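This is coords-v2.tsv. It holds TSV, C-alpha atoms and all ligand atoms.
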```tsv
chain	number	residue	atom	x	y	z
A	1	MET	CA	42.24	14.92	-18.44
A	2	ILE	CA	42.25	11.58	-16.66
A	3	ILE	CA	41.09	13.27	-13.48
A	4	THR	CA	38.22	14.94	-15.36
A	5	LEU	CA	37.22	11.59	-16.80
A	6	VAL	CA	37.36	9.93	-13.41
A	7	LEU	CA	35.27	12.73	-11.88
A	8	LEU	CA	32.76	12.51	-14.71
A	9	PHE	CA	32.54	8.78	-14.24
A	10	LEU	CA	32.11	9.06	-10.49
A	11	PHE	CA	29.62	11.90	-10.30
A	12	GLY	CA	27.95	11.46	-13.67
A	13	GLY	CA	27.09	7.88	-12.75
A	14	PHE	CA	26.51	8.47	-9.08
A	15	LEU	CA	23.93	11.28	-9.18
A	16	PRO	CA	21.36	9.63	-11.47
A	17	LEU	CA	21.77	6.42	-9.48
A	18	GLN	CA	20.90	8.24	-6.26
A	19	ALA	CA	17.88	9.85	-7.92
A	20	ALA	CA	16.71	6.51	-9.27
A	21	GLN	CA	16.95	4.96	-5.84
A	22	ALA	CA	14.66	7.56	-4.29
A	23	ASP	CA	12.12	7.13	-7.10
A	24	PHE	CA	8.63	5.98	-6.47
A	25	GLY	CA	8.83	3.80	-9.57
A	26	ALA	CA	12.06	2.06	-8.66
A	27	ARG	CA	11.48	1.67	-4.94
A	28	LEU	CA	7.79	1.47	-4.22
A	29	PHE	CA	5.58	0.88	-7.24
A	30	GLY	CA	6.16	-2.89	-7.32
A	31	LYS	CA	5.37	-3.13	-3.63
A	32	PHE	CA	2.20	-1.05	-3.98
A	33	GLN	CA	1.08	-3.58	-6.59
A	34	ALA	CA	1.27	-6.54	-4.19
A	35	LYS	CA	-2.06	-8.34	-4.20
A	36	ALA	CA	-2.41	-7.76	-0.46
A	37	CYS	CA	-2.75	-4.02	-1.20
A	38	THR	CA	-4.62	-4.07	-4.52
A	39	GLN	CA	-7.28	-6.69	-3.67
A	40	CYS	CA	-8.62	-4.19	-1.17
A	41	HIS	CA	-7.94	-1.00	-3.15
A	42	ASP	CA	-9.66	-2.52	-6.23
A	43	PHE	CA	-12.60	-3.76	-4.14
A	44	PHE	CA	-15.22	-1.42	-5.67
A	45	GLU	CA	-13.57	-0.75	-9.04
A	46	THR	CA	-13.10	-4.29	-10.30
A	47	ASN	CA	-14.35	-7.77	-9.64
A	48	PRO	CA	-11.28	-9.73	-8.58
A	49	PRO	CA	-12.10	-13.33	-9.45
A	50	GLY	CA	-13.29	-15.33	-6.50
A	51	LEU	CA	-13.59	-12.33	-4.24
A	52	LEU	CA	-16.52	-10.05	-5.06
A	53	ALA	CA	-18.17	-12.56	-7.38
A	54	ALA	CA	-18.01	-15.38	-4.85
A	55	SER	CA	-19.29	-13.81	-1.70
A	56	HIS	CA	-18.47	-10.13	-1.18
A	57	LYS	CA	-20.90	-8.48	-3.55
A	58	GLY	CA	-23.16	-5.91	-1.94
A	59	ARG	CA	-21.84	-6.52	1.56
A	60	SER	CA	-22.48	-3.66	3.94
A	61	PRO	CA	-19.45	-2.05	5.57
A	62	ARG	CA	-20.91	-2.98	8.94
A	63	THR	CA	-20.48	-6.66	8.12
A	64	CYS	CA	-16.73	-6.59	7.41
A	65	VAL	CA	-15.88	-6.98	11.09
A	66	THR	CA	-18.00	-10.10	11.55
A	67	CYS	CA	-15.46	-12.09	9.52
A	68	HIS	CA	-12.35	-9.86	9.38
A	69	THR	CA	-12.27	-9.77	13.20
A	70	SER	CA	-9.42	-8.42	15.34
A	71	LYS	CA	-8.47	-12.02	16.01
A	72	VAL	CA	-7.97	-12.53	12.28
A	73	THR	CA	-6.37	-9.19	11.33
A	74	GLY	CA	-4.62	-8.43	14.59
A	75	PHE	CA	-6.05	-4.87	14.44
A	76	THR	CA	-6.74	-3.08	17.72
A	77	HIS	CA	-9.97	-1.81	16.15
A	78	ALA	CA	-11.52	-4.42	13.88
A	79	ASP	CA	-13.39	-1.71	11.95
A	80	ASP	CA	-10.11	-0.47	10.48
A	81	TRP	CA	-10.70	-3.26	7.96
A	82	PHE	CA	-12.74	-1.57	5.23
A	83	ALA	CA	-12.60	-0.80	1.54
A	84	ARG	CA	-13.34	2.46	-0.26
A	85	PRO	CA	-13.52	3.54	-3.89
A	86	GLY	CA	-11.38	6.30	-5.37
A	87	LEU	CA	-7.99	4.98	-4.21
A	88	TYR	CA	-5.03	4.05	-6.37
A	89	THR	CA	-5.78	0.76	-8.13
A	90	SER	CA	-3.87	-2.07	-9.80
A	91	ALA	CA	-4.76	-0.70	-13.25
A	92	MET	CA	-2.72	2.50	-12.78
A	93	SER	CA	0.79	3.24	-13.99
A	94	SER	CA	3.55	4.05	-11.54
A	95	THR	CA	3.25	7.81	-12.08
A	96	THR	CA	-0.54	7.76	-11.73
A	97	VAL	CA	-0.39	5.73	-8.50
A	98	CYS	CA	2.11	8.18	-7.05
A	99	GLU	CA	0.09	11.26	-8.08
A	100	THR	CA	-3.17	9.70	-6.91
A	101	ILE	CA	-1.96	8.97	-3.40
A	102	LYS	CA	-0.57	12.50	-3.06
A	103	ASN	CA	-3.84	14.00	-4.35
A	104	ASP	CA	-5.90	11.80	-2.03
A	105	MET	CA	-3.86	13.06	0.87
A	106	HIS	CA	-4.37	16.67	-0.40
A	107	ALA	CA	-0.62	17.24	-0.60
A	108	GLN	CA	-1.06	20.23	-2.93
A	109	PHE	CA	-2.64	22.28	-0.11
A	110	LYS	CA	-0.04	21.58	2.56
A	111	ASN	CA	3.48	22.46	3.41
A	112	GLU	CA	5.74	19.70	2.13
A	113	SER	CA	6.93	18.90	5.64
A	114	LEU	CA	3.35	18.21	6.81
A	115	SER	CA	2.62	16.03	3.77
A	116	ALA	CA	5.83	14.13	4.39
A	117	ARG	CA	4.88	13.46	8.04
A	118	GLU	CA	1.40	12.35	7.09
A	119	MET	CA	2.60	10.09	4.29
A	120	GLU	CA	5.18	8.51	6.57
A	121	LYS	CA	2.64	7.97	9.33
A	122	HIS	CA	0.20	6.38	6.91
A	123	LEU	CA	2.67	4.08	5.21
A	124	LEU	CA	4.50	3.04	8.37
A	125	GLU	CA	1.67	2.87	10.91
A	126	ASP	CA	-1.65	2.24	9.16
A	127	PRO	CA	-2.86	-1.20	10.30
A	128	ARG	CA	-4.08	-2.10	6.79
A	129	VAL	CA	-0.68	-1.34	5.30
A	130	LEU	CA	1.13	-3.36	7.98
A	131	TRP	CA	-1.28	-6.25	7.44
A	132	ALA	CA	-0.12	-6.36	3.80
A	133	ILE	CA	3.63	-6.50	4.51
A	134	GLU	CA	5.34	-9.85	4.91
A	135	SER	CA	5.98	-10.60	8.61
A	136	ALA	CA	5.28	-7.00	9.70
A	137	THR	CA	2.87	-8.40	12.30
A	138	SER	CA	2.06	-11.95	13.32
A	139	ASN	CA	-1.33	-11.52	11.60
A	140	SER	CA	-0.04	-10.10	8.30
A	141	GLY	CA	-1.91	-11.69	5.40
A	142	ARG	CA	-4.43	-13.50	7.57
A	143	LEU	CA	-7.96	-13.81	6.18
A	144	PRO	CA	-11.20	-15.23	7.57
A	145	GLY	CA	-11.86	-18.94	7.29
A	146	GLY	CA	-8.22	-19.84	7.95
A	147	LYS	CA	-7.18	-18.41	4.56
A	148	THR	CA	-4.04	-16.41	3.89
A	149	GLU	CA	-3.21	-13.83	1.25
A	150	THR	CA	0.07	-15.00	-0.23
A	151	GLY	CA	0.79	-11.92	-2.37
A	152	LEU	CA	2.23	-9.85	0.46
A	153	VAL	CA	4.80	-7.08	0.09
A	154	ALA	CA	8.06	-9.00	-0.02
A	155	GLY	CA	11.21	-8.04	1.85
A	156	GLY	CA	9.70	-7.41	5.28
A	157	LEU	CA	9.16	-4.33	7.38
A	158	ALA	CA	12.76	-3.11	7.65
A	159	GLN	CA	13.15	-2.93	3.86
A	160	TRP	CA	9.70	-1.32	3.51
A	161	LYS	CA	10.59	1.38	6.06
A	162	LYS	CA	13.85	2.07	4.29
A	163	ASP	CA	12.18	2.39	0.88
A	164	VAL	CA	9.37	4.61	2.19
A	165	ARG	CA	11.75	6.89	4.09
A	166	GLU	CA	14.15	7.26	1.16
A	167	TRP	CA	11.28	8.20	-1.16
A	168	ILE	CA	9.86	10.73	1.30
A	169	LYS	CA	13.30	12.17	2.06
A	170	GLY	CA	13.85	12.56	-1.67
A	171	GLY	CA	10.77	14.83	-1.90
A	172	MET	CA	8.12	12.19	-2.82
A	173	SER	CA	8.96	12.48	-6.49
A	174	CYS	CA	6.63	10.73	-8.94
A	175	GLN	CA	9.24	10.20	-11.67
B	201	LIG	C1	-8.27	-3.82	4.00
B	201	LIG	C2	-8.14	-2.93	2.88
B	201	LIG	C3	-6.82	-2.26	2.57
B	201	LIG	C4	-5.57	-2.80	2.49
B	201	LIG	C5	-5.17	-4.22	2.75
B	201	LIG	C6	-4.68	-1.70	2.10
B	201	LIG	N1	-5.37	-0.54	1.98
B	201	LIG	FE1	-4.61	1.28	1.53
B	201	LIG	N2	-6.40	2.14	1.92
B	201	LIG	C7	-7.56	1.45	2.22
B	201	LIG	C8	-8.61	2.40	2.55
B	201	LIG	C9	-10.05	2.05	2.93
B	201	LIG	C10	-8.03	3.68	2.43
B	201	LIG	C11	-8.71	5.04	2.71
B	201	LIG	C12	-8.61	5.32	4.18
B	201	LIG	C13	-9.57	6.40	4.65
B	201	LIG	O1	-10.40	6.88	3.89
B	201	LIG	O2	-9.46	6.75	5.84
B	201	LIG	C14	-6.64	3.48	2.01
B	201	LIG	C15	-5.75	4.51	1.76
B	201	LIG	C16	-4.46	4.32	1.31
B	201	LIG	C17	-3.57	5.40	0.92
B	201	LIG	C18	-3.89	6.88	0.86
B	201	LIG	C19	-4.75	7.29	-0.29
B	201	LIG	C20	-4.69	6.57	-1.65
B	201	LIG	O3	-5.09	7.01	-2.67
B	201	LIG	O4	-4.24	5.49	-1.88
B	201	LIG	C21	-2.39	4.82	0.59
B	201	LIG	C22	-1.13	5.53	0.14
B	201	LIG	C23	-2.55	3.39	0.76
B	201	LIG	N3	-3.83	3.12	1.21
B	201	LIG	C24	-1.57	2.47	0.50
B	201	LIG	C25	-1.70	1.11	0.75
B	201	LIG	C26	-0.62	0.17	0.57
B	201	LIG	C27	0.74	0.50	0.02
B	201	LIG	C28	-1.10	-1.04	0.97
B	201	LIG	C29	-0.36	-2.34	1.00
B	201	LIG	C30	0.97	-2.34	1.61
B	201	LIG	C31	-2.49	-0.85	1.39
B	201	LIG	N4	-2.81	0.46	1.24
B	201	LIG	C32	-3.31	-1.85	1.88
B	201	LIG	C33	-7.72	0.09	2.26
B	201	LIG	C34	-6.68	-0.83	2.26
B	202	LIG	C1	-18.89	-13.74	5.67
B	202	LIG	C2	-17.52	-13.42	5.95
B	202	LIG	C3	-16.91	-12.18	5.30
B	202	LIG	C4	-17.39	-10.89	5.32
B	202	LIG	C5	-18.66	-10.36	5.96
B	202	LIG	C6	-16.41	-10.08	4.62
B	202	LIG	N1	-15.37	-10.85	4.20
B	202	LIG	FE1	-13.76	-10.25	3.15
B	202	LIG	N2	-13.07	-12.14	3.04
B	202	LIG	C7	-13.69	-13.24	3.60
B	202	LIG	C8	-12.95	-14.44	3.25
B	202	LIG	C9	-13.28	-15.86	3.67
B	202	LIG	C10	-11.87	-14.01	2.44
B	202	LIG	C11	-10.83	-14.89	1.77
B	202	LIG	C12	-11.37	-15.18	0.40
B	202	LIG	C13	-10.54	-16.11	-0.39
B	202	LIG	O1	-9.38	-15.76	-0.67
B	202	LIG	O2	-11.04	-17.16	-0.73
B	202	LIG	C14	-11.98	-12.57	2.33
B	202	LIG	C15	-11.11	-11.78	1.60
B	202	LIG	C16	-11.21	-10.41	1.51
B	202	LIG	C17	-10.29	-9.59	0.79
B	202	LIG	C18	-9.09	-10.07	0.00
B	202	LIG	C19	-7.84	-9.81	0.75
B	202	LIG	C20	-6.65	-10.33	0.03
B	202	LIG	O3	-5.68	-9.60	-0.04
B	202	LIG	O4	-6.66	-11.46	-0.46
B	202	LIG	C21	-10.71	-8.28	0.91
B	202	LIG	C22	-10.08	-7.05	0.33
B	202	LIG	C23	-11.89	-8.31	1.73
B	202	LIG	N3	-12.17	-9.61	2.07
B	202	LIG	C24	-12.58	-7.20	2.10
B	202	LIG	C25	-13.78	-7.22	2.78
B	202	LIG	C26	-14.57	-6.05	3.08
B	202	LIG	C27	-14.17	-4.64	2.71
B	202	LIG	C28	-15.69	-6.47	3.74
B	202	LIG	C29	-16.86	-5.66	4.20
B	202	LIG	C30	-17.50	-4.83	3.18
B	202	LIG	C31	-15.59	-7.91	3.84
B	202	LIG	N4	-14.42	-8.32	3.27
B	202	LIG	C32	-16.54	-8.72	4.44
B	202	LIG	C33	-14.81	-13.23	4.38
B	202	LIG	C34	-15.64	-12.14	4.59
```
Rendering of file as structure tokens:
Amino acid sequence: MIITLVLLFLFGGFLPLQAAQADFGARLFGKFQAKACTQCHDFFETNPPGLLAASHKGRSPRTCVTCHTSKVTGFTHADDWFARPGLYTSAMSSTTVCETIKNDMHAQFKNESLSAREMEKHLLEDPRVLWAIESATSNSGRLPGGKTETGLVAGGLAQWKKDVREWIKGGMSCQ
């Protein structure tokens, strides 16, 4: 009886905890909502105060690199700095963000192993993503005109990698 109770306690508590840790909601949603990510993802959907209204409205994509230069962003190719509509945005719930990014990467048409590789590559190597993570590069958060985005993904690159890998290893669940 006691052994059964102990086992129940150990495994009954342990399994849901493991599942929760691999969750998108528990591990990644908060980080995806860092301003450094959403200011750019929301670019065409909303008017973040002081950004579009002040000076960005109607700017051609060709002009981004004149201010967001490689010197500012640290990108090998300055033109990797761009915004696009139809991405996950700050207005979405955790589940919707998770489903949206998988849909955008056409995960439903691919073998899970290919989707997993692509997701990992994007989240761990994309220069825009690294720019938004605290101390991931020496230029993370740097903006033109000597400004800095302060709402970076907290915890640094090692924690980010761990969270991303756990989520992908757990099957990229959107729970
Ligand atoms: C400078 C703007 C910018 C920043 C900063 C940025 N992104 Fe993106 N993101 C984009 C663009 C543009 C695309 C689409 C890329 C393409 O079409 O090739 C994209 C695509 C994505 C995708 C795949 C599709 C989708 O629906 O979202 C994910 C996932 C993603 N970004 C996550 C993030 C995360 C997480 C951060 C912050 C850690 C971030 N991005 C920071 C501009 C940005
Ligand atoms: C004339 C210079 C200039 C051009 C051109 C320009 N930007 Fe900016 N951008 C800035 C400055 C300066 C800031 C910092 C604004 C602030 O916080 O006061 C900024 C901030 C941003 C931010 C906010 C980042 C954050 O997380 O705080 C995004 C996103 C952005 N720009 C995207 C773009 C895109 C996309 C283009 C091209 C369509 C573009 N910018 C063209 C000067 C420029």
How big is the axis-aligned box around all listed atoms of ligand LIG 202 (chain B) once 5 Å goes on each side, and where's its centre, in Å to one decimal, as lines of an AutoDock Vina configuration file?
```
center_x = -12.3
center_y = -10.9
center_z = 2.6
size_x = 23.2
size_y = 22.5
size_z = 16.7
```
**Request:** Name the residues, by chain letter and number, that sit within 6 Å of ligand LIG 201 (chain B) using all atoms listed in the file, and give them as JSON, numbers by chain.
**Result:** {"A": [32, 36, 37, 40, 41, 81, 82, 83, 84, 87, 88, 100, 101, 104, 105, 128, 129, 132, 133]}
**Request:** Could you please extract the residues within 7 Å of ligand LIG 202 (chain B), counting only C-alpha atoms and all ligand atoms, and hand them back as a list in words?
**Result:**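 Based on only C-alpha atoms and all ligand atoms, ligand LIG 202 (chain B) is surrounded within 7 Å by Lys35, Ala36, Cys37, Gln39, Cys40, Phe43, Gly50, Leu51, His56, Arg59, Ser60, Pro61, Arg62, Thr63, Cys64, Val65, Thr66, Cys67, His68, Trp81, Phe82, Ala83, Gly141, Leu143, Pro144, Gly145, Lys147 and Glu149 of chain A.
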**Computed interatomic separation between CA of Asp79 (chain A) and CA of Pro127 (chain A) (Å)** =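 Atom-to-atom, CA of Asp79 (chain A) and CA of Pro127 (chain A) are spaced 10.7 Å apart.
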**Request:** Between A:Pro85, A:Gly30, A:Gly58, A:Gly151, single out the one closest to Val97 (chain A), counting all atoms listed in the file.
**Result:**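 Between A:Pro85, A:Gly30, A:Gly58, A:Gly151, the residue approaching Val97 (chain A) most closely is A:Gly30.
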